[in-house]
$ cat query24.json   # JSON, C-alpha atoms
[["chain", "number", "residue", "atom", "x", "y", "z"],
["A", 210, "MET", "CA", 123.80, 90.85, 144.09],
["A", 211, "MET", "CA", 120.49, 90.12, 145.78],
["A", 212, "TRP", "CA", 119.56, 93.80, 145.83],
["A", 213, "SER", "CA", 120.42, 94.11, 142.16],
["A", 214, "CYS", "CA", 118.13, 91.19, 141.34],
["A", 215, "LEU", "CA", 115.32, 92.68, 143.42],
["A", 216, "ILE", "CA", 115.66, 96.06, 141.75],
["A", 217, "LEU", "CA", 115.74, 94.48, 138.30],
["A", 218, "GLY", "CA", 112.69, 92.36, 139.17],
["A", 219, "ALA", "CA", 110.80, 95.42, 140.39],
["A", 220, "PHE", "CA", 111.75, 97.33, 137.24],
["A", 221, "ILE", "CA", 110.45, 94.51, 135.06],
["A", 222, "ALA", "CA", 107.27, 94.18, 137.11],
["A", 223, "ILE", "CA", 106.25, 97.86, 137.08],
["A", 224, "PRO", "CA", 104.66, 97.98, 133.56],
["A", 225, "LEU", "CA", 102.87, 94.68, 134.22],
["A", 226, "MET", "CA", 101.51, 95.94, 137.54],
["A", 227, "ILE", "CA", 100.35, 99.22, 135.98],
["A", 228, "GLU", "CA", 98.40, 97.25, 133.36],
["A", 229, "LEU", "CA", 96.82, 95.04, 136.03],
["A", 230, "THR", "CA", 95.76, 98.05, 138.09],
["A", 231, "ARG", "CA", 93.98, 99.71, 135.19],
["A", 232, "SER", "CA", 90.19, 99.57, 135.43],
["A", 233, "SER", "CA", 88.35, 96.80, 133.63],
["A", 234, "MET", "CA", 85.56, 97.47, 131.16],
["A", 235, "ASN", "CA", 82.45, 96.57, 133.17],
["A", 236, "SER", "CA", 78.80, 97.44, 133.66],
["A", 237, "THR", "CA", 79.64, 100.48, 135.79],
["A", 238, "GLU", "CA", 81.74, 101.94, 133.00],
["A", 239, "ARG", "CA", 79.11, 101.04, 130.39],
["A", 240, "ASP", "CA", 76.36, 102.81, 132.30],
["A", 241, "THR", "CA", 77.91, 106.09, 131.13],
["A", 242, "ALA", "CA", 77.72, 105.16, 127.45],
["A", 243, "SER", "CA", 75.09, 106.07, 124.91],
["A", 244, "GLY", "CA", 73.91, 103.45, 122.44],
["A", 245, "GLN", "CA", 73.39, 99.74, 123.03],
["A", 246, "PHE", "CA", 75.29, 96.54, 123.78],
["A", 247, "ALA", "CA", 75.23, 93.15, 122.07],
["A", 248, "GLN", "CA", 76.52, 89.86, 123.45],
["A", 249, "LEU", "CA", 78.29, 88.40, 120.44],
["A", 250, "SER", "CA", 80.35, 85.24, 119.96],
["A", 251, "GLN", "CA", 83.63, 86.90, 121.03],
["A", 252, "GLY", "CA", 82.24, 89.19, 123.72],
["A", 253, "ILE", "CA", 80.15, 92.29, 124.35],
["A", 254, "THR", "CA", 80.14, 94.92, 121.59],
["A", 255, "HIS", "CA", 79.04, 98.52, 122.09],
["A", 256, "TYR", "CA", 77.17, 100.01, 119.12],
["A", 257, "GLU", "CA", 74.93, 102.93, 118.23],
["A", 258, "TRP", "CA", 72.45, 103.82, 115.50],
["A", 259, "PHE", "CA", 71.92, 107.26, 113.95],
["A", 260, "GLY", "CA", 69.44, 108.51, 111.37],
["A", 261, "PRO", "CA", 66.08, 107.36, 109.97],
["A", 262, "LYS", "CA", 64.99, 103.76, 110.50],
["A", 263, "ARG", "CA", 64.41, 103.13, 106.80],
["A", 264, "GLY", "CA", 67.41, 104.87, 105.27],
["A", 265, "PRO", "CA", 70.22, 103.10, 103.37],
["A", 266, "ILE", "CA", 72.52, 101.47, 105.92],
["A", 267, "VAL", "CA", 76.06, 102.79, 106.36],
["A", 268, "VAL", "CA", 78.41, 101.00, 108.76],
["A", 269, "CYS", "CA", 81.33, 103.03, 110.12],
["A", 270, "ILE", "CA", 84.45, 101.23, 111.36],
["A", 271, "HIS", "CA", 87.00, 103.17, 113.40],
["A", 272, "GLY", "CA", 90.77, 102.75, 113.56],
["A", 273, "LEU", "CA", 93.52, 101.42, 115.79],
["A", 274, "THR", "CA", 93.31, 103.60, 118.90],
["A", 275, "THR", "CA", 90.32, 105.96, 118.78],
["A", 276, "PRO", "CA", 86.97, 104.18, 119.34],
["A", 277, "SER", "CA", 83.62, 104.99, 117.72],
["A", 278, "ILE", "CA", 83.59, 108.49, 119.22],
["A", 279, "VAL", "CA", 85.72, 109.37, 116.19],
["A", 280, "TRP", "CA", 82.47, 109.28, 114.15],
["A", 281, "GLY", "CA", 80.82, 111.91, 116.38],
["A", 282, "SER", "CA", 80.43, 114.38, 113.53],
["A", 283, "LEU", "CA", 80.38, 112.19, 110.42],
["A", 284, "SER", "CA", 77.67, 109.89, 111.79],
["A", 285, "LYS", "CA", 75.31, 112.81, 112.35],
["A", 286, "GLY", "CA", 76.16, 114.29, 108.95],
["A", 287, "LEU", "CA", 75.47, 111.00, 107.18],
["A", 288, "ALA", "CA", 72.21, 110.71, 109.11],
["A", 289, "LEU", "CA", 71.15, 114.15, 107.88],
["A", 290, "MET", "CA", 71.79, 112.88, 104.35],
["A", 291, "GLY", "CA", 69.12, 110.23, 105.00],
["A", 292, "CYS", "CA", 71.43, 107.33, 105.87],
["A", 293, "ARG", "CA", 70.85, 104.92, 108.72],
["A", 294, "VAL", "CA", 74.29, 104.85, 110.33],
["A", 295, "LEU", "CA", 75.72, 102.09, 112.52],
["A", 296, "THR", "CA", 78.88, 102.74, 114.54],
["A", 297, "TYR", "CA", 80.50, 100.32, 116.96],
["A", 298, "ASP", "CA", 83.59, 99.86, 119.13],
["A", 299, "LEU", "CA", 86.09, 97.28, 117.97],
["A", 300, "TYR", "CA", 87.13, 94.73, 120.57],
["A", 301, "GLY", "CA", 89.77, 96.14, 122.89],
["A", 302, "ARG", "CA", 88.51, 99.71, 122.45],
["A", 303, "GLY", "CA", 85.78, 101.94, 123.78],
["A", 304, "TYR", "CA", 83.03, 100.15, 125.69],
["A", 305, "SER", "CA", 83.47, 96.76, 124.00],
["A", 306, "ASP", "CA", 85.06, 93.71, 125.62],
["A", 307, "ARG", "CA", 88.76, 92.88, 125.52],
["A", 308, "PRO", "CA", 88.80, 89.25, 124.34],
["A", 309, "ARG", "CA", 92.13, 87.52, 123.87],
["A", 310, "GLY", "CA", 93.27, 86.28, 120.51],
["A", 311, "LYS", "CA", 95.19, 87.48, 117.49],
["A", 312, "GLN", "CA", 93.49, 90.55, 116.06],
["A", 313, "ASP", "CA", 93.71, 89.67, 112.39],
["A", 314, "GLU", "CA", 91.23, 89.89, 109.50],
["A", 315, "ALA", "CA", 89.25, 86.89, 110.71],
["A", 316, "PHE", "CA", 89.00, 88.33, 114.24],
["A", 317, "PHE", "CA", 87.58, 91.67, 113.14],
["A", 318, "THR", "CA", 85.35, 90.43, 110.32],
["A", 319, "GLN", "CA", 83.79, 87.96, 112.73],
["A", 320, "GLN", "CA", 82.84, 90.81, 115.03],
["A", 321, "LEU", "CA", 81.29, 92.70, 112.12],
["A", 322, "ASN", "CA", 79.43, 89.63, 110.83],
["A", 323, "ASP", "CA", 78.16, 88.88, 114.33],
["A", 324, "LEU", "CA", 76.91, 92.44, 114.81],
["A", 325, "LEU", "CA", 75.15, 92.53, 111.44],
["A", 326, "ARG", "CA", 73.49, 89.21, 112.27],
["A", 327, "HIS", "CA", 72.48, 90.49, 115.73],
["A", 328, "GLU", "CA", 70.84, 93.53, 114.13],
["A", 329, "ASP", "CA", 69.21, 91.37, 111.43],
["A", 330, "ILE", "CA", 70.96, 93.22, 108.60],
["A", 331, "THR", "CA", 70.89, 90.97, 105.55],
["A", 332, "GLY", "CA", 70.69, 93.38, 102.63],
["A", 333, "THR", "CA", 73.21, 95.63, 100.92],
["A", 334, "ILE", "CA", 75.23, 98.00, 103.07],
["A", 335, "SER", "CA", 77.80, 100.71, 102.52],
["A", 336, "ILE", "CA", 80.90, 100.76, 104.71],
["A", 337, "VAL", "CA", 83.05, 103.70, 105.75],
["A", 338, "GLY", "CA", 86.36, 102.50, 107.18],
["A", 339, "TYR", "CA", 88.96, 104.77, 108.77],
["A", 340, "SER", "CA", 92.65, 103.79, 109.06],
["A", 341, "MET", "CA", 92.67, 100.23, 110.47],
["A", 342, "GLY", "CA", 88.90, 100.27, 109.99],
["A", 343, "GLY", "CA", 89.60, 100.69, 106.29],
["A", 344, "ALA", "CA", 91.56, 97.44, 106.35],
["A", 345, "ILE", "CA", 88.66, 95.69, 108.12],
["A", 346, "ALA", "CA", 86.19, 97.12, 105.62],
["A", 347, "SER", "CA", 88.36, 95.96, 102.72],
["A", 348, "ALA", "CA", 88.68, 92.46, 104.16],
["A", 349, "PHE", "CA", 84.90, 92.24, 104.57],
["A", 350, "ALA", "CA", 84.19, 93.60, 101.08],
["A", 351, "ALA", "CA", 86.70, 91.27, 99.42],
["A", 352, "THR", "CA", 84.99, 88.17, 100.84],
["A", 353, "GLN", "CA", 81.38, 89.38, 100.63],
["A", 354, "PRO", "CA", 81.22, 91.79, 97.66],
["A", 355, "GLU", "CA", 77.56, 90.99, 97.06],
["A", 356, "ARG", "CA", 76.71, 92.76, 100.34],
["A", 357, "ILE", "CA", 78.48, 96.03, 99.50],
["A", 358, "GLY", "CA", 76.81, 99.00, 97.84],
["A", 359, "GLN", "CA", 79.65, 101.49, 98.35],
["A", 360, "LEU", "CA", 83.06, 101.20, 100.02],
["A", 361, "VAL", "CA", 84.54, 104.40, 101.45],
["A", 362, "LEU", "CA", 88.10, 104.30, 102.78],
["A", 363, "LEU", "CA", 89.51, 107.15, 104.87],
["A", 364, "ALA", "CA", 93.33, 106.99, 105.06],
["A", 365, "PRO", "CA", 93.09, 103.18, 105.00],
["A", 366, "ALA", "CA", 95.66, 100.82, 106.46],
["A", 367, "GLY", "CA", 96.74, 97.72, 104.58],
["A", 368, "LEU", "CA", 98.70, 99.61, 101.92],
["A", 369, "GLU", "CA", 101.54, 101.51, 103.57],
["A", 370, "ILE", "CA", 102.19, 102.52, 107.17],
["A", 371, "VAL", "CA", 105.04, 104.42, 108.77],
["A", 372, "SER", "CA", 106.39, 102.64, 111.87],
["A", 373, "GLY", "CA", 109.27, 103.77, 114.03],
["A", 374, "LYS", "CA", 112.17, 101.49, 114.92],
["A", 375, "LEU", "CA", 110.74, 100.83, 118.39],
["A", 376, "VAL", "CA", 107.35, 99.70, 117.03],
["A", 377, "LYS", "CA", 109.02, 97.43, 114.49],
["A", 378, "PHE", "CA", 111.16, 95.91, 117.24],
["A", 379, "ILE", "CA", 108.15, 95.39, 119.53],
["A", 380, "VAL", "CA", 106.00, 93.82, 116.82],
["A", 381, "GLY", "CA", 108.66, 91.34, 115.82],
["A", 382, "ARG", "CA", 109.62, 90.07, 119.26],
["A", 383, "PRO", "CA", 107.28, 88.25, 121.63],
["A", 384, "ILE", "CA", 107.66, 88.60, 125.41],
["A", 385, "ILE", "CA", 110.26, 91.39, 125.34],
["A", 386, "GLY", "CA", 108.08, 93.20, 122.80],
["A", 387, "ASP", "CA", 105.04, 92.82, 125.05],
["A", 388, "TRP", "CA", 106.96, 94.30, 127.97],
["A", 389, "LEU", "CA", 108.27, 97.21, 125.90],
["A", 390, "MET", "CA", 104.76, 97.91, 124.62],
["A", 391, "LEU", "CA", 103.37, 98.14, 128.15],
["A", 392, "ALA", "CA", 106.34, 100.19, 129.32],
["A", 393, "PHE", "CA", 106.67, 102.76, 126.54],
["A", 394, "TYR", "CA", 103.59, 102.83, 124.29],
["A", 395, "PRO", "CA", 101.21, 104.66, 126.68],
["A", 396, "ASN", "CA", 103.57, 107.61, 126.95],
["A", 397, "GLU", "CA", 104.18, 107.66, 123.19],
["A", 398, "LEU", "CA", 100.42, 107.68, 122.54],
["A", 399, "ARG", "CA", 99.93, 110.51, 125.05],
["A", 400, "LYS", "CA", 102.60, 112.55, 123.26],
["A", 401, "GLY", "CA", 100.80, 112.07, 119.97],
["A", 402, "ILE", "CA", 97.47, 113.07, 121.50],
["A", 403, "GLN", "CA", 98.96, 116.17, 123.13],
["A", 404, "ALA", "CA", 100.51, 117.21, 119.82],
["A", 405, "GLU", "CA", 97.04, 117.27, 118.24],
["A", 406, "ARG", "CA", 95.15, 119.01, 121.06],
["A", 407, "LYS", "CA", 95.28, 122.40, 119.36],
["A", 408, "LEU", "CA", 94.09, 121.11, 115.99],
["A", 409, "PRO", "CA", 90.56, 122.10, 114.95],
["A", 410, "THR", "CA", 88.08, 119.32, 115.61],
["A", 411, "HIS", "CA", 84.43, 118.55, 114.85],
["A", 412, "VAL", "CA", 84.29, 116.09, 117.77],
["A", 413, "PRO", "CA", 84.33, 117.91, 121.14],
["A", 414, "ARG", "CA", 86.98, 116.75, 123.63],
["A", 415, "ILE", "CA", 88.19, 113.99, 121.34],
["A", 416, "SER", "CA", 91.70, 114.23, 122.80],
["A", 417, "ASP", "CA", 90.31, 113.49, 126.26],
["A", 418, "GLN", "CA", 88.39, 110.53, 124.84],
["A", 419, "GLN", "CA", 91.52, 109.21, 123.14],
["A", 420, "GLU", "CA", 93.56, 109.48, 126.34],
["A", 421, "ARG", "CA", 90.75, 107.84, 128.31],
["A", 422, "GLU", "CA", 91.46, 104.56, 126.49],
["A", 423, "LEU", "CA", 94.72, 104.24, 128.41],
["A", 424, "ARG", "CA", 92.82, 104.01, 131.68],
["A", 425, "HIS", "CA", 91.37, 100.63, 130.77],
["A", 426, "ARG", "CA", 92.99, 97.24, 131.07],
["A", 427, "GLY", "CA", 93.40, 95.41, 127.77],
["A", 428, "PHE", "CA", 93.63, 98.43, 125.48],
["A", 429, "VAL", "CA", 97.42, 98.43, 125.05],
["A", 430, "PRO", "CA", 97.59, 94.64, 124.49],
["A", 431, "ALA", "CA", 94.78, 94.99, 121.92],
["A", 432, "VAL", "CA", 96.75, 97.62, 120.00],
["A", 433, "LEU", "CA", 99.81, 95.35, 120.02],
["A", 434, "SER", "CA", 97.74, 92.39, 118.84],
["A", 435, "SER", "CA", 96.43, 94.46, 115.91],
["A", 436, "LEU", "CA", 99.94, 95.61, 115.03],
["A", 437, "ARG", "CA", 101.06, 91.98, 114.97],
["A", 438, "GLY", "CA", 97.93, 90.81, 113.18],
["A", 439, "LEU", "CA", 95.85, 92.81, 110.72],
["A", 440, "LEU", "CA", 98.27, 95.71, 110.36],
["A", 441, "ARG", "CA", 101.22, 93.48, 109.54],
["A", 442, "LYS", "CA", 99.59, 92.16, 106.38],
["A", 443, "SER", "CA", 99.50, 93.64, 102.89],
["A", 444, "GLN", "CA", 95.98, 93.75, 101.46],
["A", 445, "GLN", "CA", 96.91, 93.53, 97.81],
["A", 446, "GLU", "CA", 94.83, 90.39, 97.33],
["A", 447, "GLU", "CA", 91.82, 91.99, 98.97],
["A", 448, "HIS", "CA", 91.97, 95.12, 96.82],
["A", 449, "ASN", "CA", 92.51, 93.05, 93.69],
["A", 450, "ALA", "CA", 89.37, 91.06, 94.59],
["A", 451, "ILE", "CA", 87.38, 94.23, 95.26],
["A", 452, "HIS", "CA", 88.47, 95.65, 91.90],
["A", 453, "HIS", "CA", 87.55, 92.49, 89.98],
["A", 454, "ALA", "CA", 84.16, 92.40, 91.72],
["A", 455, "GLY", "CA", 83.45, 95.84, 90.29],
["A", 456, "LEU", "CA", 82.63, 97.46, 93.63],
["A", 457, "PRO", "CA", 82.47, 101.26, 93.74],
["A", 458, "VAL", "CA", 85.31, 102.41, 95.98],
["A", 459, "LEU", "CA", 86.11, 105.91, 97.20],
["A", 460, "ALA", "CA", 89.40, 106.61, 99.00],
["A", 461, "ILE", "CA", 89.98, 109.90, 100.84],
["A", 462, "TRP", "CA", 93.45, 110.95, 101.97],
["A", 463, "GLY", "CA", 95.00, 113.72, 104.03],
["A", 464, "ARG", "CA", 97.78, 115.40, 102.12],
["A", 465, "ASP", "CA", 99.86, 115.84, 105.29],
["A", 466, "ASP", "CA", 99.18, 112.42, 106.83],
["A", 467, "ALA", "CA", 102.27, 111.27, 108.77],
["A", 468, "VAL", "CA", 100.78, 107.87, 109.73],
["A", 469, "ILE", "CA", 99.74, 106.56, 106.33],
["A", 470, "PRO", "CA", 101.68, 108.50, 103.67],
["A", 471, "LEU", "CA", 100.14, 109.77, 100.48],
["A", 472, "THR", "CA", 102.22, 107.28, 98.50],
["A", 473, "ALA", "CA", 99.65, 104.70, 99.67],
["A", 474, "ALA", "CA", 97.26, 106.26, 97.15],
["A", 475, "ASP", "CA", 99.60, 105.25, 94.34],
["A", 476, "THR", "CA", 99.75, 101.73, 95.74],
["A", 477, "LEU", "CA", 95.96, 101.57, 95.81],
["A", 478, "THR", "CA", 95.79, 102.76, 92.20],
["A", 479, "SER", "CA", 98.07, 99.94, 91.10],
["A", 480, "TRP", "CA", 95.95, 97.37, 92.96],
["A", 481, "SER", "CA", 92.52, 98.83, 92.18],
["A", 482, "PRO", "CA", 92.69, 101.21, 89.20],
["A", 483, "THR", "CA", 88.99, 102.14, 89.23],
["A", 484, "THR", "CA", 89.05, 103.44, 92.81],
["A", 485, "VAL", "CA", 88.08, 107.11, 92.98],
["A", 486, "GLN", "CA", 90.64, 108.97, 95.08],
["A", 487, "VAL", "CA", 90.37, 112.42, 96.65],
["A", 488, "ILE", "CA", 93.06, 114.30, 98.58],
["A", 489, "VAL", "CA", 92.11, 116.79, 101.29],
["A", 490, "ASP", "CA", 94.59, 119.65, 101.56],
["A", 491, "ASP", "CA", 96.00, 120.67, 104.96],
["A", 492, "ALA", "CA", 94.69, 117.44, 106.51],
["A", 493, "GLY", "CA", 96.64, 114.87, 108.50],
["A", 494, "HIS", "CA", 95.55, 111.47, 109.71],
["A", 495, "GLY", "CA", 92.58, 112.72, 111.73],
["A", 496, "LEU", "CA", 90.29, 113.22, 108.72],
["A", 497, "PRO", "CA", 86.98, 112.13, 110.38],
["A", 498, "TYR", "CA", 87.25, 114.71, 113.14],
["A", 499, "THR", "CA", 89.55, 117.46, 111.81],
["A", 500, "HIS", "CA", 87.98, 117.73, 108.33],
["A", 501, "ALA", "CA", 84.54, 116.22, 108.78],
["A", 502, "THR", "CA", 82.77, 118.85, 106.65],
["A", 503, "GLN", "CA", 85.01, 118.26, 103.63],
["A", 504, "VAL", "CA", 84.85, 114.48, 104.03],
["A", 505, "LEU", "CA", 81.05, 114.55, 104.23],
["A", 506, "GLU", "CA", 80.78, 116.59, 101.05],
["A", 507, "ILE", "CA", 83.09, 114.19, 99.20],
["A", 508, "ILE", "CA", 81.04, 111.20, 100.40],
["A", 509, "ARG", "CA", 77.77, 112.94, 99.52],
["A", 510, "LYS", "CA", 78.90, 113.51, 95.93],
["A", 511, "ALA", "CA", 80.09, 109.91, 95.60],
["A", 512, "MET", "CA", 76.83, 108.49, 96.94],
["A", 513, "SER", "CA", 74.79, 110.80, 94.68],
["A", 514, "ALA", "CA", 76.76, 109.57, 91.69],
["A", 515, "GLN", "CA", 75.94, 105.94, 92.62],
["A", 516, "SER", "CA", 72.21, 106.52, 93.12]]
$ encode --input "query24.json" --output "C-alpha cells"
Amino acid sequence: MMWSCLILGAFIAIPLMIELTRSSMNSTERDTASGQFAQLSQGITHYEWFGPKRGPIVVCIHGLTTPSIVWGSLSKGLALMGCRVLTYDLYGRGYSDRPRGKQDEAFFTQQLNDLLRHEDITGTISIVGYSMGGAIASAFAATQPERIGQLVLLAPAGLEIVSGKLVKFIVGRPIIGDWLMLAFYPNELRKGIQAERKLPTHVPRISDQQERELRHRGFVPAVLSSLRGLLRKSQQEEHNAIHHAGLPVLAIWGRDDAVIPLTAADTLTSWSPTTVQVIVDDAGHGLPYTHATQVLEIIRKAMSAQS
C-alpha cells in the first residue's frame, strides 16, 4: 500500500517538477533578443519597432502560443509600405514576463494600453491582430474606437474555435485540469508544430521558435489561463460595438484553417455586416508566416482604399 502511494505521488509530481525545472525568463535570456524592453504595470514587456519614424503606426498582436516572431515577415512588409510597425510579446510568451492572473480581456488590454503609454502613442493607430491577438484587438477597438484607424483581423478568435474533448475538460476543471495541462499539453503542442514543419514559411525556423516556448517556465500555465479567460468568451458585444462605431474592419481567413473554422466568417458577418472579408485559398491557421505575401497585398489594398 505504501509503495502504491509513493508511486502515485511520484506520478502526480512529475509534471509539476518538469514545470519547475524549466528555465525562467531572465536577463540572460533577454540578452539574446532584438528590440527593447519596457517595465509596465504588470511586468516586463518585450517589444520592437520597424519602419520609418514618422509613418502611420500599426500595432501587431500575436496569438495564443507563437510570440511576436510570427510577425517576422509581415512587420518588414508593412514597414516597406511606409508604416511604423510595433510588435510585442504578450505576457507569458516570448521574452515578456509571466505574471499571474486571469488572462482575460482586461489583462491583455491593460498590457497594450501600458505599452502605448510607455511609447507616448496618443494618436490614431491601426491594429493587426492574429488569432487570439484578433480577440485582444477587437476588445481594445470596442472600448476605444476613437483611437482606431483600421482594424485588421487574421483568423481571429472570439467567434468560433475548435477544441478537443481533452482541452474542454481541462478548461472546465481547476486543479485536475491544471495537472492535465502540464502533463499532456506540451506533447500535443509539439505534435502540432512537427506537423507543420514542412509547410512553406516566410519566417525562418519558426517551428524551432514555437517549440522554444516550451523550455520556459510559465508558458503552459499562461496558455491555460488564456483558454480559461479571453478565449472562453464570445465577442459578439465587442463586434457589435465596433460595427456601430463605424470602424473599418478587414478580416482575412485561411480556407483550410482547422483551428478557427471558416464558419466564423459567417458569424462575424452577422455581428458586423460591414466588415470586409477575404479568404486565402490553400491556407491554414498560420496565415502570417505561411501566406505573408498574400496577406500583405490584401492589407495594402485595404489601407489604400482608406487613405
$ residues_around --input "query24.json" --residues "range 296-313 of chain A" --least-positions-apart "4" --cutoff "6 Å" --atoms "only C-alpha atoms" --output "ChimeraX atom specification"
/A:252-257,269,276-277,427-428,431,434-435,438-439
$ residues_around --input "query24.json" --residues "range 440-454 of chain A" --least-positions-apart "5" --cutoff "8 Å" --atoms "all atoms listed in the file" --output "PyMOL selection string"
chain A and resi 313+341+344+347-348+350-351+354+366-368+435+477+480-484
$ write_last_selection --input "query24.json" --atoms "C-alpha atoms" --output "PDB file, keeping the file's coordinate frame"
ATOM      1  CA  ASP A 313      93.710  89.670 112.390  1.00  0.00           C
ATOM      2  CA  MET A 341      92.670 100.230 110.470  1.00  0.00           C
ATOM      3  CA  ALA A 344      91.560  97.440 106.350  1.00  0.00           C
ATOM      4  CA  SER A 347      88.360  95.960 102.720  1.00  0.00           C
ATOM      5  CA  ALA A 348      88.680  92.460 104.160  1.00  0.00           C
ATOM      6  CA  ALA A 350      84.190  93.600 101.080  1.00  0.00           C
ATOM      7  CA  ALA A 351      86.700  91.270  99.420  1.00  0.00           C
ATOM      8  CA  PRO A 354      81.220  91.790  97.660  1.00  0.00           C
ATOM      9  CA  ALA A 366      95.660 100.820 106.460  1.00  0.00           C
ATOM     10  CA  GLY A 367      96.740  97.720 104.580  1.00  0.00           C
ATOM     11  CA  LEU A 368      98.700  99.610 101.920  1.00  0.00           C
ATOM     12  CA  SER A 435      96.430  94.460 115.910  1.00  0.00           C
ATOM     13  CA  LEU A 477      95.960 101.570  95.810  1.00  0.00           C
ATOM     14  CA  TRP A 480      95.950  97.370  92.960  1.00  0.00           C
ATOM     15  CA  SER A 481      92.520  98.830  92.180  1.00  0.00           C
ATOM     16  CA  PRO A 482      92.690 101.210  89.200  1.00  0.00           C
ATOM     17  CA  THR A 483      88.990 102.140  89.230  1.00  0.00           C
ATOM     18  CA  THR A 484      89.050 103.440  92.810  1.00  0.00           C
TER      19      THR A 484
END
$ residues_around --input "query24.json" --residues "Leu496 in chain A" --least-positions-apart "4" --cutoff "9 Å" --atoms "all atoms listed in the file" --output "list in words"
Tyr339, Leu363, Ala364, Ile461, Trp462, Gly463, Val489, Ala492, His500, Ala501, Gln503 and Val504 of chain A
$ atom_distance --input "query24.json" --atom1 "CA of Ser282 in chain A" --atom2 "CA of Glu328 in chain A"
23.0 Å
$ closest_residue --input "query24.json" --among "A:Met234, A:Val380, A:Met390, A:Leu360" --to "Ala511 in chain A" --atoms "only C-alpha atoms"
A:Leu360
$ closest_residue --input "query24.json" --among "A:Phe349, A:Gln245, A:Arg437, A:Gln486" --to "Asn322 in chain A" --atoms "only C-alpha atoms"
A:Phe349
$ residues_near_point --input "query24.json" --point "(93.7, 99.4, 135.6)" --cutoff "10 Å" --atoms "all atoms listed in the file" --output "list of chain:residue names"
A:Met226, A:Ile227, A:Glu228, A:Leu229, A:Thr230, A:Arg231, A:Ser232, A:Ser233, A:Met234, A:Leu423, A:Arg424, A:His425, A:Arg426, A:Gly427
$ residues_around --input "query24.json" --residues "Val279 in chain A" --least-positions-apart "3" --cutoff "8 Å" --atoms "only C-alpha atoms" --output "ChimeraX atom specification"
/A:271,275-276,282,412,415,497-498
$ residues_near_point --input "query24.json" --point "(76.4, 105.0, 114.0)" --cutoff "6 Å" --atoms "all atoms listed in the file" --output "number ranges by chain"
A: 257-259, 284, 294-296
$ closest_residue --input "query24.json" --among "A:Ser340, A:Gln359, A:Gly493, A:Asp475" --to "Pro409 in chain A" --atoms "only C-alpha atoms"
A:Gly493
$ residues_around --input "query24.json" --residues "Ala288 in chain A" --least-positions-apart "3" --cutoff "6 Å" --atoms "all atoms listed in the file" --output "ChimeraX atom specification"
/A:259-260,285,291-293
$ atom_distance --input "query24.json" --atom1 "CA of Arg263 in chain A" --atom2 "CA of Thr331 in chain A"
13.8 Å
$ atom_distance --input "query24.json" --atom1 "CA of Leu249 in chain A" --atom2 "CA of Gln319 in chain A"
9.5 Å
$ closest_residue --input "query24.json" --among "A:Ile385, A:Leu225, A:Gly495, A:Thr318" --to "Trp280 in chain A" --atoms "all atoms listed in the file"
A:Gly495
$ decode --input "query24.json" --residues "range 253-280 of chain A" --atoms "C-alpha atoms" --output "mmCIF file, in the first residue's frame"
data_model
loop_
_atom_site.group_PDB
_atom_site.id
_atom_site.type_symbol
_atom_site.label_atom_id
_atom_site.label_comp_id
_atom_site.auth_asym_id
_atom_site.auth_seq_id
_atom_site.Cartn_x
_atom_site.Cartn_y
_atom_site.Cartn_z
ATOM 1 C CA ILE A 253 8.400 43.492 -18.321
ATOM 2 C CA THR A 254 7.221 43.543 -21.940
ATOM 3 C CA HIS A 255 9.466 42.846 -24.918
ATOM 4 C CA TYR A 256 8.702 44.977 -27.988
ATOM 5 C CA GLU A 257 10.242 46.047 -31.277
ATOM 6 C CA TRP A 258 9.764 48.824 -33.818
ATOM 7 C CA PHE A 259 10.081 48.522 -37.600
ATOM 8 C CA GLY A 260 9.851 51.100 -40.371
ATOM 9 C CA PRO A 261 10.134 54.896 -40.647
ATOM 10 C CA LYS A 262 9.836 57.011 -37.513
ATOM 11 C CA ARG A 263 7.074 59.183 -38.936
ATOM 12 C CA GLY A 264 4.922 56.602 -40.691
ATOM 13 C CA PRO A 265 1.351 55.699 -39.689
ATOM 14 C CA ILE A 266 1.513 53.425 -36.646
ATOM 15 C CA VAL A 267 0.449 49.789 -36.967
ATOM 16 C CA VAL A 268 0.419 47.603 -33.848
ATOM 17 C CA CYS A 269 0.642 43.842 -34.416
ATOM 18 C CA ILE A 270 -0.690 41.462 -31.749
ATOM 19 C CA HIS A 271 0.215 37.781 -31.948
ATOM 20 C CA GLY A 272 -1.806 34.747 -30.894
ATOM 21 C CA LEU A 273 -2.017 32.109 -28.190
ATOM 22 C CA THR A 274 1.271 30.212 -28.500
ATOM 23 C CA THR A 275 3.606 31.823 -31.055
ATOM 24 C CA PRO A 276 5.171 35.096 -29.817
ATOM 25 C CA SER A 277 5.980 38.199 -31.868
ATOM 26 C CA ILE A 278 8.401 36.258 -34.078
ATOM 27 C CA VAL A 279 5.258 35.326 -36.009
ATOM 28 C CA TRP A 280 5.371 38.864 -37.491
#
